Amino acid sequence: MPVNFFKKDVRRSADNVRLWAAVRAWLSIILPAAATLSSVAASAIELPESGQLESLSDVARQSIGVIEPHESTEAQPVIVNYVGLPLDVLLTRWFGESWKAPDTEVVFFARDGYRSSITGERLQRFRAYLAFARADGAAFEIDNPAQNQKGVALGPYYLVWDNRAAPELLRQGGNGWPYQVTRIKLRKAADDQVLLPNNADARLMLGYAATREYCLTCHRIHGLGGEKYKEDLVRAACRWSDADLQAWIGNPGRIRPGTTMPPLALSVAQRNDVIVNIVHYLDAMKSADATACPR
């Protein structure tokens, strides 16, 4: 049959149009997945819109009851039932067994560029799901008081943990629960070598680790990290004195009311030590790169 007749037939048939859309969506998953298997550090899975992943991955949906960390307090836990797919099954389909390697992390990117990185070991120890709806049919959204946000849309996907019998997960609060997830990739520890100056000492390594955990979810250094803010974090730090930068990290809302940058969810003593280490690390990165701070 001539190609032009085939195209006309597809346009006339609603069933074929839906089928053709499904094929294109499936290719958008399977092609990046194939690339990832051959080059973990450079490839990512672009997730389809909510509702398509279930059919394209051929994984059955499940209902998961969790203590919703964004809406709960220690005294009053709130249980929410979500509908989602088991993450470990999806990761194995996309990346084979490579996501389980000891030096590998799974990185989740949100629509706004927020980056959340979770070790493969943790994802094997605790059960996680890519949720795409609430089981009760209510709006797929949450309030996020830590960032002064209400009615935050969670879609297309929200990483939730089966935390009801896991005290360690309950202690972490909303940390490690990325929402609006659109892309997933793997990273190796060796990828971060560009984030360390030569001859890094023990204190610098503490600052590096704290910066990775608390800053590079939104910010980036040398192109690695979150994509929420495009400016390199080291260059941005050039505009602050050490004292002012410590004050900003310690309580962003006091300096700029309404900012979406949250304070560190740590005790006062822990927070002070972490902030000092972060600023020390950024100072070292500025010193290591003569072009970091424009004159």
# chains A, B, ... in the order shown; residues from 1 in each chain; ligands from 1
>>> residues_around(residues="Ser116 in chain A", least_positions_apart="5", cutoff="8 Å", atoms="only C-alpha atoms", output="MDAnalysis selection string")
chainID A and resid 107:109 176 178 217 226
>>> closest_residue(among="A:Arg134, A:Lys185, A:Arg239, A:Arg93", to="Glu46 in chain A", atoms="only C-alpha atoms")
A:Lys185
>>> atom_distance(atom1="CA of Arg115 in chain A", atom2="CA of Asp136 in chain A")
28.7 Å
>>> residues_around(residues="Leu196 in chain A", least_positions_apart="3", cutoff="12 Å", atoms="only C-alpha atoms", output="PyMOL selection string")
chain A and resi 189-193+199-202+204-209+211-212+221-222+224+281-289
>>> select_by_dssp(residues="range 127-191 of chain A", states="alpha helix (DSSP H)", output="list in words")
Pro167, Glu168, Leu169, Leu170 and Arg171 of chain A
>>> closest_atom_pairs(of="range 58-87 of chain A", to="range 147-168 of chain A", cutoff="9 Å", atoms="only C-alpha atoms", output="Markdown table")
| residue | atom | partner | partner_atom | distance |
| --- | --- | --- | --- | --- |
| A:Ile64 | CA | A:Asp162 | CA | 7.1 |
| A:Gly65 | CA | A:Asp162 | CA | 7.1 |
| A:Val66 | CA | A:Asp162 | CA | 5.7 |
| A:Ile67 | CA | A:Arg164 | CA | 6.1 |
| A:Glu68 | CA | A:Val160 | CA | 8.5 |
| A:Ile79 | CA | A:Arg164 | CA | 8.8 |
| A:Tyr82 | CA | A:Val160 | CA | 8.4 |
| A:Gly84 | CA | A:Tyr157 | CA | 8.5 |
| A:Leu87 | CA | A:Leu159 | CA | 8.4 |
>>> residues_around(residues="range 97-101 of chain A", least_positions_apart="6", cutoff="9 Å", atoms="only C-alpha atoms", output="PDB file with all heavy atoms, in the first residue's frame")
ATOM      1  N   LEU A  37      21.397   2.046  28.990  1.00  0.00           N
ATOM      2  CA  LEU A  37      22.061   0.782  29.263  1.00  0.00           C
ATOM      3  C   LEU A  37      23.488   0.775  28.748  1.00  0.00           C
ATOM      4  O   LEU A  37      24.356   0.118  29.298  1.00  0.00           O
ATOM      5  CB  LEU A  37      21.268  -0.371  28.629  1.00  0.00           C
ATOM      6  CG  LEU A  37      19.933  -0.675  29.297  1.00  0.00           C
ATOM      7  CD1 LEU A  37      19.161  -1.692  28.485  1.00  0.00           C
ATOM      8  CD2 LEU A  37      20.149  -1.191  30.709  1.00  0.00           C
ATOM      9  N   VAL A  40      25.479   4.950  31.112  1.00  0.00           N
ATOM     10  CA  VAL A  40      24.669   5.343  32.246  1.00  0.00           C
ATOM     11  C   VAL A  40      24.785   6.822  32.545  1.00  0.00           C
ATOM     12  O   VAL A  40      23.804   7.511  32.777  1.00  0.00           O
ATOM     13  CB  VAL A  40      25.066   4.493  33.483  1.00  0.00           C
ATOM     14  CG1 VAL A  40      24.445   5.069  34.744  1.00  0.00           C
ATOM     15  CG2 VAL A  40      24.639   3.055  33.295  1.00  0.00           C
ATOM     16  N   LEU A  91      12.809   0.519  37.353  1.00  0.00           N
ATOM     17  CA  LEU A  91      14.247   0.760  37.189  1.00  0.00           C
ATOM     18  C   LEU A  91      14.943  -0.423  36.536  1.00  0.00           C
ATOM     19  O   LEU A  91      15.824  -0.244  35.686  1.00  0.00           O
ATOM     20  CB  LEU A  91      14.880   1.064  38.552  1.00  0.00           C
ATOM     21  CG  LEU A  91      14.491   2.384  39.207  1.00  0.00           C
ATOM     22  CD1 LEU A  91      15.116   2.487  40.597  1.00  0.00           C
ATOM     23  CD2 LEU A  91      14.897   3.573  38.343  1.00  0.00           C
ATOM     24  N   THR A 119      20.333   6.799  46.642  1.00  0.00           N
ATOM     25  CA  THR A 119      21.206   5.667  46.354  1.00  0.00           C
ATOM     26  C   THR A 119      20.398   4.438  45.947  1.00  0.00           C
ATOM     27  O   THR A 119      19.279   4.217  46.421  1.00  0.00           O
ATOM     28  CB  THR A 119      22.069   5.299  47.580  1.00  0.00           C
ATOM     29  OG1 THR A 119      21.223   4.859  48.646  1.00  0.00           O
ATOM     30  CG2 THR A 119      22.907   6.490  48.033  1.00  0.00           C
ATOM     31  N   GLY A 120      21.005   3.645  45.075  1.00  0.00           N
ATOM     32  CA  GLY A 120      20.377   2.391  44.698  1.00  0.00           C
ATOM     33  C   GLY A 120      20.201   1.478  45.901  1.00  0.00           C
ATOM     34  O   GLY A 120      19.208   0.739  46.000  1.00  0.00           O
ATOM     35  N   GLU A 121      21.155   1.545  46.840  1.00  0.00           N
ATOM     36  CA  GLU A 121      21.066   0.716  48.044  1.00  0.00           C
ATOM     37  C   GLU A 121      19.821   1.058  48.845  1.00  0.00           C
ATOM     38  O   GLU A 121      19.115   0.174  49.338  1.00  0.00           O
ATOM     39  CB  GLU A 121      22.334   0.940  48.884  1.00  0.00           C
ATOM     40  CG  GLU A 121      22.406   0.087  50.147  1.00  0.00           C
ATOM     41  CD  GLU A 121      21.699   0.710  51.344  1.00  0.00           C
ATOM     42  OE1 GLU A 121      21.584   1.958  51.393  1.00  0.00           O
ATOM     43  OE2 GLU A 121      21.235  -0.055  52.214  1.00  0.00           O
ATOM     44  N   LEU A 123      17.049   2.390  47.722  1.00  0.00           N
ATOM     45  CA  LEU A 123      15.871   1.982  46.966  1.00  0.00           C
ATOM     46  C   LEU A 123      15.665   0.472  46.995  1.00  0.00           C
ATOM     47  O   LEU A 123      14.576  -0.008  46.684  1.00  0.00           O
ATOM     48  CB  LEU A 123      15.986   2.472  45.519  1.00  0.00           C
ATOM     49  CG  LEU A 123      15.808   3.981  45.347  1.00  0.00           C
ATOM     50  CD1 LEU A 123      16.261   4.421  43.962  1.00  0.00           C
ATOM     51  CD2 LEU A 123      14.358   4.388  45.576  1.00  0.00           C
ATOM     52  N   GLN A 124      16.703  -0.261  47.357  1.00  0.00           N
ATOM     53  CA  GLN A 124      16.541  -1.697  47.546  1.00  0.00           C
ATOM     54  C   GLN A 124      16.076  -2.023  48.960  1.00  0.00           C
ATOM     55  O   GLN A 124      15.358  -2.996  49.172  1.00  0.00           O
ATOM     56  CB  GLN A 124      17.873  -2.416  47.273  1.00  0.00           C
ATOM     57  CG  GLN A 124      18.315  -2.360  45.815  1.00  0.00           C
ATOM     58  CD  GLN A 124      19.675  -2.996  45.616  1.00  0.00           C
ATOM     59  OE1 GLN A 124      19.812  -4.218  45.601  1.00  0.00           O
ATOM     60  NE2 GLN A 124      20.699  -2.160  45.475  1.00  0.00           N
ATOM     61  N   LEU A 186      20.673   7.739  35.973  1.00  0.00           N
ATOM     62  CA  LEU A 186      21.609   7.170  36.920  1.00  0.00           C
ATOM     63  C   LEU A 186      22.882   8.003  36.926  1.00  0.00           C
ATOM     64  O   LEU A 186      23.233   8.630  35.929  1.00  0.00           O
ATOM     65  CB  LEU A 186      21.963   5.729  36.552  1.00  0.00           C
ATOM     66  CG  LEU A 186      20.830   4.699  36.471  1.00  0.00           C
ATOM     67  CD1 LEU A 186      21.433   3.310  36.310  1.00  0.00           C
ATOM     68  CD2 LEU A 186      19.912   4.753  37.674  1.00  0.00           C
ATOM     69  N   ARG A 187      23.559   8.014  38.067  1.00  0.00           N
ATOM     70  CA  ARG A 187      24.855   8.674  38.145  1.00  0.00           C
ATOM     71  C   ARG A 187      25.801   7.802  38.953  1.00  0.00           C
ATOM     72  O   ARG A 187      25.400   7.044  39.837  1.00  0.00           O
ATOM     73  CB  ARG A 187      24.758  10.053  38.798  1.00  0.00           C
ATOM     74  CG  ARG A 187      24.307  10.042  40.236  1.00  0.00           C
ATOM     75  CD  ARG A 187      24.548  11.373  40.919  1.00  0.00           C
ATOM     76  NE  ARG A 187      25.955  11.628  41.087  1.00  0.00           N
ATOM     77  CZ  ARG A 187      26.697  11.096  42.065  1.00  0.00           C
ATOM     78  NH1 ARG A 187      26.158  10.285  42.949  1.00  0.00           N
ATOM     79  NH2 ARG A 187      27.972  11.384  42.155  1.00  0.00           N
TER      80      ARG A 187
END
>>> closest_residue(among="A:Arg125, A:Pro77, A:Lys188, A:Ala60", to="Thr104 in chain A", atoms="only C-alpha atoms")
A:Lys188
>>> closest_residue(among="A:Leu47, A:Ala210, A:Arg256, A:Tyr229", to="Val276 in chain A", atoms="only C-alpha atoms")
A:Ala210
>>> atom_distance(atom1="CA of Gln246 in chain A", atom2="CA of Asp273 in chain A")
10.4 Å
>>> atom_distance(atom1="CA of Pro257 in chain A", atom2="CA of Glu231 in chain A")
21.5 Å
>>> select_by_dssp(residues="range 128-289 of chain A", states="strand (DSSP E or B)", output="ChimeraX atom specification")
/A:128-134,141-144,149-153,158-161,181-188,220-221,224-225,232
